[in-house]
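Q: One file: upload_31.txt (compact mmCIF, C-alpha atoms).
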# COMPACT_ATOMS: atom_id res chain seq x y z
CA MET A 1 18.24 -67.84 -4.11
CA SER A 2 17.58 -67.09 -0.45
CA THR A 3 14.61 -68.64 1.32
CA ASN A 4 11.76 -66.56 2.71
CA SER A 5 11.77 -68.28 6.10
CA GLY A 6 8.63 -66.49 7.28
CA LEU A 7 6.38 -67.72 4.44
CA VAL A 8 4.85 -71.03 3.37
CA VAL A 9 3.07 -71.58 0.05
CA ILE A 10 -0.25 -73.46 0.22
CA LEU A 11 -1.71 -74.73 -3.05
CA THR A 12 -5.11 -76.27 -3.74
CA ALA A 13 -6.75 -77.87 -6.76
CA LEU A 14 -10.43 -76.97 -6.20
CA ASN A 15 -12.00 -73.65 -5.35
CA LEU A 16 -13.78 -75.10 -2.30
CA GLU A 17 -10.38 -76.20 -1.00
CA TYR A 18 -9.00 -72.72 -1.69
CA GLU A 19 -11.90 -71.12 0.19
CA ALA A 20 -11.36 -73.45 3.16
CA VAL A 21 -7.71 -72.36 3.48
CA ARG A 22 -8.59 -68.72 2.78
CA ASP A 23 -11.00 -68.75 5.74
CA GLN A 24 -8.03 -69.59 8.00
CA LEU A 25 -6.02 -66.53 6.91
CA THR A 26 -6.11 -62.82 7.79
CA ASP A 27 -5.19 -59.54 6.07
CA LEU A 28 -5.20 -61.01 2.58
CA ARG A 29 -3.50 -59.16 -0.28
CA VAL A 30 -3.46 -60.15 -3.96
CA ARG A 31 -0.09 -60.91 -5.58
CA ARG A 32 -0.18 -61.09 -9.39
CA HIS A 33 2.35 -63.16 -11.29
CA PRO A 34 3.41 -61.74 -14.69
CA ALA A 35 2.01 -64.86 -16.42
CA GLY A 36 -1.46 -64.18 -14.99
CA THR A 37 -1.53 -66.43 -11.93
CA ARG A 38 -3.05 -64.76 -8.88
CA PHE A 39 -1.95 -65.59 -5.35
CA GLU A 40 -3.28 -64.22 -2.10
CA VAL A 41 -0.86 -63.58 0.75
CA GLY A 42 -2.18 -63.48 4.31
CA GLY A 43 -1.31 -64.04 7.94
CA ILE A 44 -1.88 -66.89 10.39
CA ASP A 45 -3.32 -66.36 13.87
CA ARG A 46 -2.52 -62.65 13.98
CA SER A 47 1.20 -63.46 13.81
CA ASP A 48 4.00 -62.41 11.48
CA CYS A 49 3.85 -65.82 9.79
CA ARG A 50 2.68 -65.55 6.19
CA VAL A 51 0.99 -67.88 3.70
CA ALA A 52 0.87 -67.45 -0.07
CA LEU A 53 -2.26 -69.22 -1.32
CA GLY A 54 -2.75 -70.38 -4.91
CA LEU A 55 -5.24 -72.35 -7.00
CA VAL A 56 -3.69 -74.80 -9.50
CA GLY A 57 -6.66 -76.76 -10.89
CA LYS A 58 -6.98 -80.51 -11.31
CA GLY A 59 -4.18 -82.85 -12.36
CA ASN A 60 -0.50 -83.44 -11.68
CA HIS A 61 0.74 -81.46 -14.70
CA PRO A 62 -0.80 -78.04 -13.92
CA ALA A 63 -0.01 -78.62 -10.24
CA ALA A 64 3.67 -79.09 -11.08
CA VAL A 65 3.84 -75.99 -13.30
CA LEU A 66 2.11 -73.68 -10.84
CA ALA A 67 3.99 -75.12 -7.87
CA GLU A 68 7.24 -74.25 -9.64
CA ARG A 69 5.84 -70.77 -10.37
CA ALA A 70 4.96 -70.26 -6.70
CA MET A 71 8.38 -71.47 -5.58
CA ALA A 72 10.13 -69.03 -7.92
CA GLU A 73 7.82 -66.15 -6.95
CA PHE A 74 7.99 -66.52 -3.15
CA SER A 75 11.10 -68.61 -2.30
CA PRO A 76 9.09 -70.20 0.53
CA ALA A 77 10.29 -72.22 3.49
CA ALA A 78 7.99 -75.06 2.39
CA VAL A 79 5.05 -75.88 0.13
CA LEU A 80 1.84 -77.54 1.34
CA PHE A 81 -0.67 -79.11 -1.00
CA VAL A 82 -4.07 -79.14 0.66
CA GLY A 83 -7.49 -80.50 -0.23
CA VAL A 84 -9.67 -83.59 -0.40
CA ALA A 85 -8.97 -87.19 -1.35
CA GLY A 86 -10.56 -90.62 -1.46
CA GLY A 87 -9.79 -92.99 1.40
CA LEU A 88 -8.70 -96.50 0.44
CA TRP A 89 -9.16 -98.41 3.70
CA PRO A 90 -12.13 -98.80 6.09
CA ASN A 91 -10.25 -97.32 9.07
CA ILE A 92 -9.84 -94.03 7.16
CA ARG A 93 -13.14 -92.37 7.94
CA LEU A 94 -14.92 -89.54 6.16
CA GLY A 95 -13.60 -86.24 7.48
CA ASP A 96 -10.30 -87.70 8.70
CA VAL A 97 -7.06 -85.97 7.74
CA VAL A 98 -4.23 -87.78 5.94
CA VAL A 99 -0.67 -86.45 5.85
CA ALA A 100 1.34 -88.10 3.08
CA SER A 101 4.33 -89.97 4.46
CA LYS A 102 5.08 -90.87 0.84
CA ILE A 103 3.61 -89.86 -2.52
CA TYR A 104 3.28 -92.42 -5.29
CA ALA A 105 2.99 -91.41 -8.95
CA TYR A 106 1.05 -94.57 -9.75
CA HIS A 107 0.56 -94.21 -13.50
CA GLY A 108 4.15 -95.10 -14.36
CA GLY A 109 4.47 -98.62 -15.78
CA THR A 110 5.25 -100.88 -18.70
CA SER A 111 2.63 -102.79 -20.68
CA GLU A 112 3.62 -106.42 -21.32
CA ASP A 113 1.87 -109.49 -22.68
CA ASP A 114 0.92 -110.63 -19.19
CA GLY A 115 -0.32 -107.25 -18.03
CA LEU A 116 0.71 -103.81 -16.78
CA LYS A 117 3.81 -103.82 -14.57
CA ALA A 118 4.29 -100.96 -12.15
CA ARG A 119 7.34 -98.71 -12.36
CA PRO A 120 6.96 -96.88 -9.06
CA LYS A 121 8.09 -93.32 -8.56
CA ALA A 122 7.81 -91.96 -5.04
CA TRP A 123 8.76 -89.01 -2.85
CA GLU A 124 8.97 -89.22 0.95
CA ILE A 125 8.04 -86.43 3.33
CA PRO A 126 11.20 -84.69 4.61
CA HIS A 127 12.15 -85.92 8.09
CA GLU A 128 11.94 -82.59 9.89
CA ALA A 129 8.59 -81.72 8.31
CA ASP A 130 7.34 -85.18 9.28
CA GLN A 131 8.39 -84.64 12.88
CA ILE A 132 6.65 -81.26 13.00
CA ALA A 133 3.48 -82.68 11.43
CA HIS A 134 3.36 -85.43 14.06
CA HIS A 135 3.80 -82.78 16.75
CA VAL A 136 0.81 -80.84 15.40
CA ALA A 137 -1.26 -84.03 15.16
CA ARG A 138 -0.58 -84.95 18.80
CA SER A 139 -2.29 -81.74 19.91
CA THR A 140 -6.00 -81.01 19.55
CA ALA A 141 -5.28 -77.30 19.22
CA TRP A 142 -5.35 -77.40 15.41
CA SER A 143 -9.03 -78.48 15.37
CA ARG A 144 -10.43 -76.06 17.96
CA GLY A 145 -11.86 -73.69 15.38
CA LEU A 146 -13.74 -76.30 13.35
CA PRO A 147 -17.42 -75.39 13.05
CA ASP A 148 -18.69 -78.87 13.89
CA GLY A 149 -16.63 -79.05 17.07
CA SER A 150 -15.06 -82.35 16.07
CA THR A 151 -11.47 -83.53 16.28
CA PRO A 152 -10.88 -85.66 13.17
CA ALA A 153 -8.30 -88.41 13.32
CA VAL A 154 -4.97 -87.65 11.63
CA HIS A 155 -3.34 -90.50 9.70
CA PHE A 156 0.16 -90.68 8.25
CA GLY A 157 0.59 -92.92 5.22
CA PRO A 158 1.31 -93.07 1.50
CA ILE A 159 -0.95 -91.24 -0.93
CA ALA A 160 -1.35 -92.40 -4.54
CA ALA A 161 -1.56 -89.64 -7.16
CA GLY A 162 -2.74 -90.35 -10.70
CA GLU A 163 -4.59 -88.76 -13.58
CA VAL A 164 -8.13 -90.12 -13.15
CA VAL A 165 -10.92 -89.75 -10.61
CA GLN A 166 -10.98 -93.12 -8.84
CA ASP A 167 -14.56 -94.03 -7.87
CA SER A 168 -14.66 -97.82 -7.83
CA GLY A 169 -13.43 -100.48 -5.47
CA ILE A 170 -13.71 -103.30 -7.99
CA SER A 171 -12.52 -101.89 -11.34
CA ASP A 172 -9.36 -103.18 -13.01
CA GLN A 173 -7.52 -100.02 -12.05
CA ALA A 174 -8.71 -100.21 -8.42
CA ARG A 175 -7.46 -103.79 -8.16
CA TRP A 176 -4.18 -102.84 -9.83
CA ILE A 177 -3.58 -100.01 -7.35
CA ARG A 178 -4.26 -102.31 -4.39
CA GLN A 179 -1.89 -104.91 -5.86
CA HIS A 180 1.03 -102.57 -6.55
CA TYR A 181 0.47 -99.78 -3.99
CA ASN A 182 -1.32 -101.68 -1.26
CA ASP A 183 0.04 -99.50 1.55
CA ALA A 184 -1.55 -96.35 0.08
CA VAL A 185 -4.23 -94.97 2.38
CA ALA A 186 -5.69 -92.33 0.05
CA ILE A 187 -5.85 -91.45 -3.63
CA GLU A 188 -5.94 -88.13 -5.50
CA MET A 189 -4.69 -86.34 -8.64
CA GLU A 190 -2.10 -83.61 -7.92
CA ALA A 191 0.42 -84.51 -5.21
CA ALA A 192 2.96 -86.13 -7.54
CA GLY A 193 3.29 -82.97 -9.60
CA VAL A 194 3.87 -80.77 -6.56
CA ALA A 195 6.33 -83.26 -5.06
CA GLN A 196 8.31 -83.39 -8.29
CA ALA A 197 8.47 -79.59 -8.44
CA GLY A 198 9.78 -79.45 -4.88
CA HIS A 199 12.35 -82.17 -5.58
CA LEU A 200 13.67 -80.23 -8.59
CA ASN A 201 13.79 -76.98 -6.60
CA ARG A 202 16.72 -77.76 -4.30
CA ALA A 203 14.63 -80.42 -2.53
CA LEU A 204 12.26 -77.82 -1.10
CA PRO A 205 10.08 -79.44 1.61
CA VAL A 206 6.65 -80.46 0.29
CA VAL A 207 3.89 -81.75 2.58
CA VAL A 208 0.54 -83.04 1.28
CA VAL A 209 -2.46 -82.75 3.60
CA ARG A 210 -5.79 -84.27 2.53
CA GLY A 211 -9.22 -84.48 4.09
CA ILE A 212 -11.13 -87.67 3.25
CA SER A 213 -14.32 -86.80 1.36
CA ASP A 214 -15.18 -90.23 -0.11
CA HIS A 215 -13.96 -93.82 -0.16
CA ALA A 216 -13.09 -94.11 -3.89
CA ASP A 217 -15.53 -97.03 -4.09
CA GLY A 218 -18.50 -95.82 -6.13
CA SER A 219 -20.08 -93.82 -3.31
CA LYS A 220 -18.64 -90.44 -4.34
CA ALA A 221 -21.96 -89.07 -5.63
CA ALA A 222 -23.62 -89.90 -2.31
CA THR A 223 -20.86 -88.45 -0.13
CA ASP A 224 -20.65 -85.32 -2.31
CA GLY A 225 -24.41 -84.94 -1.86
CA GLN A 226 -23.88 -85.07 1.91
CA ASN A 227 -21.42 -82.15 1.62
CA TRP A 228 -18.39 -84.18 2.67
CA GLN A 229 -16.14 -82.30 0.26
CA PRO A 230 -16.40 -78.91 2.03
CA LYS A 231 -16.27 -80.61 5.46
CA ALA A 232 -13.15 -82.58 4.57
CA ALA A 233 -11.57 -79.50 2.98
CA ARG A 234 -12.15 -77.50 6.19
CA HIS A 235 -10.48 -80.21 8.26
CA ALA A 236 -7.46 -80.35 5.94
CA ALA A 237 -7.20 -76.55 5.86
CA ALA A 238 -7.27 -76.26 9.65
CA PHE A 239 -4.51 -78.84 10.04
CA ALA A 240 -2.46 -77.38 7.19
CA THR A 241 -2.47 -73.80 8.48
CA ALA A 242 -1.47 -75.02 11.96
CA LEU A 243 1.31 -77.02 10.31
CA ALA A 244 2.39 -74.05 8.19
CA ARG A 245 2.79 -71.91 11.31
CA GLU A 246 4.90 -74.58 13.02
CA LEU A 247 7.02 -75.10 9.91
CA ILE A 248 7.78 -71.38 9.87
CA ILE A 249 8.45 -71.09 13.60
CA ASP A 250 10.31 -74.35 14.13
CA GLY A 251 11.24 -75.63 10.67
CA PRO A 252 14.59 -75.90 8.89
CA ALA A 253 14.46 -72.33 7.59
CA SER A 254 13.32 -70.83 10.90
CA ARG A 255 16.72 -70.06 12.38
CA SER A 256 16.71 -66.55 10.91
CA SER A 257 12.94 -66.05 10.99
CA GLY A 258 11.35 -63.41 13.15
CA CYS A 259 7.97 -65.08 12.90
CA GLY A 260 6.10 -65.34 16.15
CA ALA A 261 2.83 -64.71 17.89
Written as structure tokens, how would this file's structure read?

A:
Amino acid sequence: MSTNSGLVVILTALNLEYEAVRDQLTDLRVRRHPAGTRFEVGGIDRSDCRVALGLVGKGNHPAAVLAERAMAEFSPAAVLFVGVAGGLWPNIRLGDVVVASKIYAYHGGTSEDDGLKARPKAWEIPHEADQIAHHVARSTAWSRGLPDGSTPAVHFGPIAAGEVVQDSGISDQARWIRQHYNDAVAIEMEAAGVAQAGHLNRALPVVVVRGISDHADGSKAATDGQNWQPKAARHAAAFATALARELIIDGPASRSSGCGA
């Protein structure tokens, strides 16, 4: 199957994340999959670069299925998973952007008499995509259109993906994650599914971009009430669409692409 070098798929779990990415796109057209999934295909920055946007819902399992569906439908140059996440360390501030250098599926393990032992499964960001993401992060251009005029910090680090909403810093599970995945900087619920789908699809590049909307420490209700979810989603969407454009123009599938400004 040939790759569509002028198109990147962007997937989100929540509608507010979808809307944040949608606001970054132009000339949107609906694309209906025979199984009922609806994607919207639009442009970036009035260029020939295209994005296919899809909503997958919460959880790693639906994310994996619909990521595979999007890959088969569009044969994209790359897949980005974009949205919000909980930050796990004090230096990761609300509104900051995290690009996953590695994705942990943290629910794998074996239960023994002396406790739950981790059986880590992980996927690293592809080298060329990582280099391009760092290039985008070094520039402030990606954040110029943000409504609050801010330039959020961009962090690169592992993201832990599981099957529960983590909203405690002291629960047994929170302590277990810090013990076994103590380099993870953020936590969420879908990235492992998308990463697995990309790995099984000829190692298609997958990049996860998350805006920090809470600290996964029991303060989620308060931060949600302060509208950090839509703010963080806007920051992630702005970075992701800038990254998508660079991946198309300068990525591994760009050699035959006519995409440009």

Q: Would you mind reading off the distance between atom CA of A:Ser101 and atom CA of A:Arg138, one decimal, in Å?

A: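 Pair atom CA of A:Ser101 / atom CA of A:Arg138 returns 16.0 Å.
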
Q: Can you work out which one of A:Ala118, A:Ala105, A:Val9, A:Ala244 has the shortest atom-to-atom distance to A:Phe74, counting all atoms listed in the file?

A: A:Val9

Q: Give me the residues near A:Glu163 as a PyMOL selection string, where near means some atom within 8 Å (using all atoms listed in the file) and where sequence neighbours in that chain fewer than 6 positions away do not count.

A: chain A and resi 59-60+107+189

Q: With only C-alpha atoms as the atoms that count, which of A:Ala203, A:Ala238, A:Ile212, A:Val99 lies nearest to A:Gln131?

A: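 Of the candidates, the smallest distance to A:Gln131 is held by A:Val99.
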
Q: So what do you get for atom CA of A:Glu128 versus atom CA of A:Ile159, distance-wise?

A: 18.9 Å

Q: Write out as a compact mmCIF listing (two decimals) with C-alpha atoms, in the coordinates of the input each polymer residue whose atoms come within 9 Å of stretch 33-46 of chain A, counting all atoms listed in the file; drop sequence neighbours fewer than 4 positions from it.

A:
# COMPACT_ATOMS: atom_id res chain seq x y z
CA VAL A 9 3.07 -71.58 0.05
CA ARG A 22 -8.59 -68.72 2.78
CA GLN A 24 -8.03 -69.59 8.00
CA LEU A 25 -6.02 -66.53 6.91
CA THR A 26 -6.11 -62.82 7.79
CA ASP A 27 -5.19 -59.54 6.07
CA LEU A 28 -5.20 -61.01 2.58
CA ARG A 29 -3.50 -59.16 -0.28
CA ARG A 50 2.68 -65.55 6.19
CA VAL A 51 0.99 -67.88 3.70
CA ALA A 52 0.87 -67.45 -0.07
CA LEU A 53 -2.26 -69.22 -1.32
CA GLY A 54 -2.75 -70.38 -4.91
CA LEU A 55 -5.24 -72.35 -7.00
CA VAL A 56 -3.69 -74.80 -9.50
CA LEU A 66 2.11 -73.68 -10.84
CA ARG A 69 5.84 -70.77 -10.37
CA ALA A 70 4.96 -70.26 -6.70
CA GLU A 73 7.82 -66.15 -6.95
CA THR A 241 -2.47 -73.80 8.48
CA ALA A 242 -1.47 -75.02 11.96
CA ALA A 244 2.39 -74.05 8.19
CA ARG A 245 2.79 -71.91 11.31
CA ALA A 261 2.83 -64.71 17.89

Q: With distances taken over all atoms listed in the file, which of A:Arg175, A:Arg93, A:Lys102, A:His235 is nearest to A:Pro120?

A: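 Closest to A:Pro120, using all atoms listed in the file: A:Lys102.
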
Q: Pick out the residues sitting within 8 Å of A:Gln196, and hand them over as a VMD selection string; count only C-alpha atoms, and ignore anything fewer than 4 positions along from it in its own chain.

A: chain A and resid 64 123 192 200

Q: Could you turn the residues from that selection into a file that holds C-alpha atoms, as a CSV table (one decimal), keeping the file's coordinate frame?

A:
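part-v9.csv was written with the following content:
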chain,number,residue,atom,x,y,z
A,64,ALA,CA,3.7,-79.1,-11.1
A,123,TRP,CA,8.8,-89.0,-2.8
A,192,ALA,CA,3.0,-86.1,-7.5
A,200,LEU,CA,13.7,-80.2,-8.6

Q: Measure the distance from atom CA of A:Ile187 to atom CA of A:Ala161 in Å and round it to one decimal.

A: 5.8 Å

Q: Name the residues in contact with A:Asp224 at a cut-off of 8 Å, using only C-alpha atoms, excluding same-chain residues fewer than 5 positions from it; report them as JSON, numbers by chain.

A: {"A": [213, 214, 229]}

Q: Kindly indicate which residue among A:Leu243, A:Leu204, A:Leu94, A:Leu116 lies nearest to A:Thr223, using all atoms listed in the file for the distances.

A: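 Residue with the minimum atom-to-atom distance to A:Thr223: A:Leu94.
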
Q: Can you tell me, as a list in words, what residues are no more than 9 Å from A:Val209 when counting only C-alpha atoms, ignoring any on the same chain fewer than 2 positions away?

A: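 Listed by chain and then number, they are Leu80, Phe81, Val82, Gly83, Val84, Val97, Val98, Val99, Ala100, Val207, Gly211, Ala236, Ala237, Phe239 and Ala240 of chain A.
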
Q: I'd like to know which of A:Trp89, A:Asp96, A:Met71, A:Glu19 is closest to A:Ser143, using all atoms listed in the file.

A: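 Closest residue, counting all atoms listed in the file: A:Asp96.
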
Q: Restore N, CA and C atoms in stretch 93-125 of chain A and list the result as a PDB file, in the coordinates of the input.

A:
ATOM      1  N   ARG A  93     -11.751 -92.778   7.939  1.00  0.00           N
ATOM      2  CA  ARG A  93     -13.140 -92.370   7.940  1.00  0.00           C
ATOM      3  C   ARG A  93     -13.345 -91.048   7.193  1.00  0.00           C
ATOM      4  N   LEU A  94     -14.581 -90.818   6.771  1.00  0.00           N
ATOM      5  CA  LEU A  94     -14.920 -89.540   6.160  1.00  0.00           C
ATOM      6  C   LEU A  94     -14.619 -88.413   7.142  1.00  0.00           C
ATOM      7  N   GLY A  95     -13.959 -87.377   6.640  1.00  0.00           N
ATOM      8  CA  GLY A  95     -13.600 -86.240   7.480  1.00  0.00           C
ATOM      9  C   GLY A  95     -12.239 -86.352   8.131  1.00  0.00           C
ATOM     10  N   ASP A  96     -11.643 -87.559   8.153  1.00  0.00           N
ATOM     11  CA  ASP A  96     -10.300 -87.700   8.700  1.00  0.00           C
ATOM     12  C   ASP A  96      -9.289 -86.945   7.844  1.00  0.00           C
ATOM     13  N   VAL A  97      -8.146 -86.656   8.433  1.00  0.00           N
ATOM     14  CA  VAL A  97      -7.060 -85.970   7.740  1.00  0.00           C
ATOM     15  C   VAL A  97      -5.927 -86.960   7.495  1.00  0.00           C
ATOM     16  N   VAL A  98      -5.380 -86.938   6.286  1.00  0.00           N
ATOM     17  CA  VAL A  98      -4.230 -87.780   5.940  1.00  0.00           C
ATOM     18  C   VAL A  98      -3.055 -86.876   5.569  1.00  0.00           C
ATOM     19  N   VAL A  99      -1.928 -87.104   6.205  1.00  0.00           N
ATOM     20  CA  VAL A  99      -0.670 -86.450   5.850  1.00  0.00           C
ATOM     21  C   VAL A  99       0.169 -87.479   5.108  1.00  0.00           C
ATOM     22  N   ALA A 100       0.617 -87.126   3.915  1.00  0.00           N
ATOM     23  CA  ALA A 100       1.340 -88.100   3.080  1.00  0.00           C
ATOM     24  C   ALA A 100       2.737 -88.353   3.627  1.00  0.00           C
ATOM     25  N   SER A 101       2.971 -89.577   4.092  1.00  0.00           N
ATOM     26  CA  SER A 101       4.330 -89.970   4.460  1.00  0.00           C
ATOM     27  C   SER A 101       5.161 -90.250   3.207  1.00  0.00           C
ATOM     28  N   LYS A 102       4.455 -90.581   2.126  1.00  0.00           N
ATOM     29  CA  LYS A 102       5.080 -90.870   0.840  1.00  0.00           C
ATOM     30  C   LYS A 102       4.039 -90.581  -0.243  1.00  0.00           C
ATOM     31  N   ILE A 103       4.502 -90.129  -1.392  1.00  0.00           N
ATOM     32  CA  ILE A 103       3.610 -89.860  -2.520  1.00  0.00           C
ATOM     33  C   ILE A 103       4.011 -90.765  -3.666  1.00  0.00           C
ATOM     34  N   TYR A 104       3.050 -91.547  -4.150  1.00  0.00           N
ATOM     35  CA  TYR A 104       3.280 -92.420  -5.290  1.00  0.00           C
ATOM     36  C   TYR A 104       2.705 -91.778  -6.559  1.00  0.00           C
ATOM     37  N   ALA A 105       3.510 -91.711  -7.618  1.00  0.00           N
ATOM     38  CA  ALA A 105       2.990 -91.410  -8.950  1.00  0.00           C
ATOM     39  C   ALA A 105       2.650 -92.760  -9.578  1.00  0.00           C
ATOM     40  N   TYR A 106       1.369 -93.169  -9.475  1.00  0.00           N
ATOM     41  CA  TYR A 106       1.050 -94.570  -9.750  1.00  0.00           C
ATOM     42  C   TYR A 106       0.809 -94.880 -11.218  1.00  0.00           C
ATOM     43  N   HIS A 107       0.831 -93.900 -12.100  1.00  0.00           N
ATOM     44  CA  HIS A 107       0.560 -94.210 -13.500  1.00  0.00           C
ATOM     45  C   HIS A 107       1.800 -94.632 -14.284  1.00  0.00           C
ATOM     46  N   GLY A 108       2.966 -94.609 -13.665  1.00  0.00           N
ATOM     47  CA  GLY A 108       4.150 -95.100 -14.360  1.00  0.00           C
ATOM     48  C   GLY A 108       4.139 -96.614 -14.463  1.00  0.00           C
ATOM     49  N   GLY A 109       4.456 -97.162 -15.628  1.00  0.00           N
ATOM     50  CA  GLY A 109       4.470 -98.620 -15.780  1.00  0.00           C
ATOM     51  C   GLY A 109       4.916 -99.029 -17.164  1.00  0.00           C
ATOM     52  N   THR A 110       4.951-100.335 -17.380  1.00  0.00           N
ATOM     53  CA  THR A 110       5.250-100.880 -18.700  1.00  0.00           C
ATOM     54  C   THR A 110       4.205-101.934 -19.037  1.00  0.00           C
ATOM     55  N   SER A 111       3.669-101.855 -20.239  1.00  0.00           N
ATOM     56  CA  SER A 111       2.630-102.790 -20.680  1.00  0.00           C
ATOM     57  C   SER A 111       3.271-103.990 -21.354  1.00  0.00           C
ATOM     58  N   GLU A 112       3.047-105.189 -20.782  1.00  0.00           N
ATOM     59  CA  GLU A 112       3.620-106.420 -21.320  1.00  0.00           C
ATOM     60  C   GLU A 112       2.512-107.418 -21.622  1.00  0.00           C
ATOM     61  N   ASP A 113       2.877-108.515 -22.267  1.00  0.00           N
ATOM     62  CA  ASP A 113       1.870-109.490 -22.680  1.00  0.00           C
ATOM     63  C   ASP A 113       1.038-110.010 -21.515  1.00  0.00           C
ATOM     64  N   ASP A 114       1.649-110.092 -20.341  1.00  0.00           N
ATOM     65  CA  ASP A 114       0.920-110.630 -19.190  1.00  0.00           C
ATOM     66  C   ASP A 114       0.379-109.541 -18.269  1.00  0.00           C
ATOM     67  N   GLY A 115       0.324-108.308 -18.789  1.00  0.00           N
ATOM     68  CA  GLY A 115      -0.320-107.250 -18.030  1.00  0.00           C
ATOM     69  C   GLY A 115       0.559-106.037 -17.815  1.00  0.00           C
ATOM     70  N   LEU A 116       0.020-105.065 -17.062  1.00  0.00           N
ATOM     71  CA  LEU A 116       0.710-103.810 -16.780  1.00  0.00           C
ATOM     72  C   LEU A 116       1.581-103.973 -15.539  1.00  0.00           C
ATOM     73  N   LYS A 117       2.872-103.721 -15.683  1.00  0.00           N
ATOM     74  CA  LYS A 117       3.810-103.820 -14.570  1.00  0.00           C
ATOM     75  C   LYS A 117       4.134-102.424 -14.055  1.00  0.00           C
ATOM     76  N   ALA A 118       4.056-102.280 -12.744  1.00  0.00           N
ATOM     77  CA  ALA A 118       4.290-100.960 -12.150  1.00  0.00           C
ATOM     78  C   ALA A 118       5.757-100.578 -12.215  1.00  0.00           C
ATOM     79  N   ARG A 119       6.007 -99.311 -12.490  1.00  0.00           N
ATOM     80  CA  ARG A 119       7.340 -98.710 -12.360  1.00  0.00           C
ATOM     81  C   ARG A 119       7.217 -97.569 -11.374  1.00  0.00           C
ATOM     82  N   PRO A 120       7.289 -97.874 -10.095  1.00  0.00           N
ATOM     83  CA  PRO A 120       6.960 -96.880  -9.060  1.00  0.00           C
ATOM     84  C   PRO A 120       7.905 -95.687  -9.077  1.00  0.00           C
ATOM     85  N   LYS A 121       7.327 -94.529  -8.836  1.00  0.00           N
ATOM     86  CA  LYS A 121       8.090 -93.320  -8.560  1.00  0.00           C
ATOM     87  C   LYS A 121       7.491 -92.739  -7.291  1.00  0.00           C
ATOM     88  N   ALA A 122       8.332 -92.378  -6.340  1.00  0.00           N
ATOM     89  CA  ALA A 122       7.810 -91.960  -5.040  1.00  0.00           C
ATOM     90  C   ALA A 122       8.696 -90.885  -4.432  1.00  0.00           C
ATOM     91  N   TRP A 123       8.067 -90.053  -3.603  1.00  0.00           N
ATOM     92  CA  TRP A 123       8.760 -89.010  -2.850  1.00  0.00           C
ATOM     93  C   TRP A 123       8.328 -89.121  -1.402  1.00  0.00           C
ATOM     94  N   GLU A 124       9.294 -89.149  -0.480  1.00  0.00           N
ATOM     95  CA  GLU A 124       8.970 -89.220   0.950  1.00  0.00           C
ATOM     96  C   GLU A 124       8.907 -87.825   1.551  1.00  0.00           C
ATOM     97  N   ILE A 125       8.098 -87.689   2.600  1.00  0.00           N
ATOM     98  CA  ILE A 125       8.040 -86.430   3.330  1.00  0.00           C
ATOM     99  C   ILE A 125       9.403 -86.182   3.984  1.00  0.00           C
TER     100      ILE A 125
END
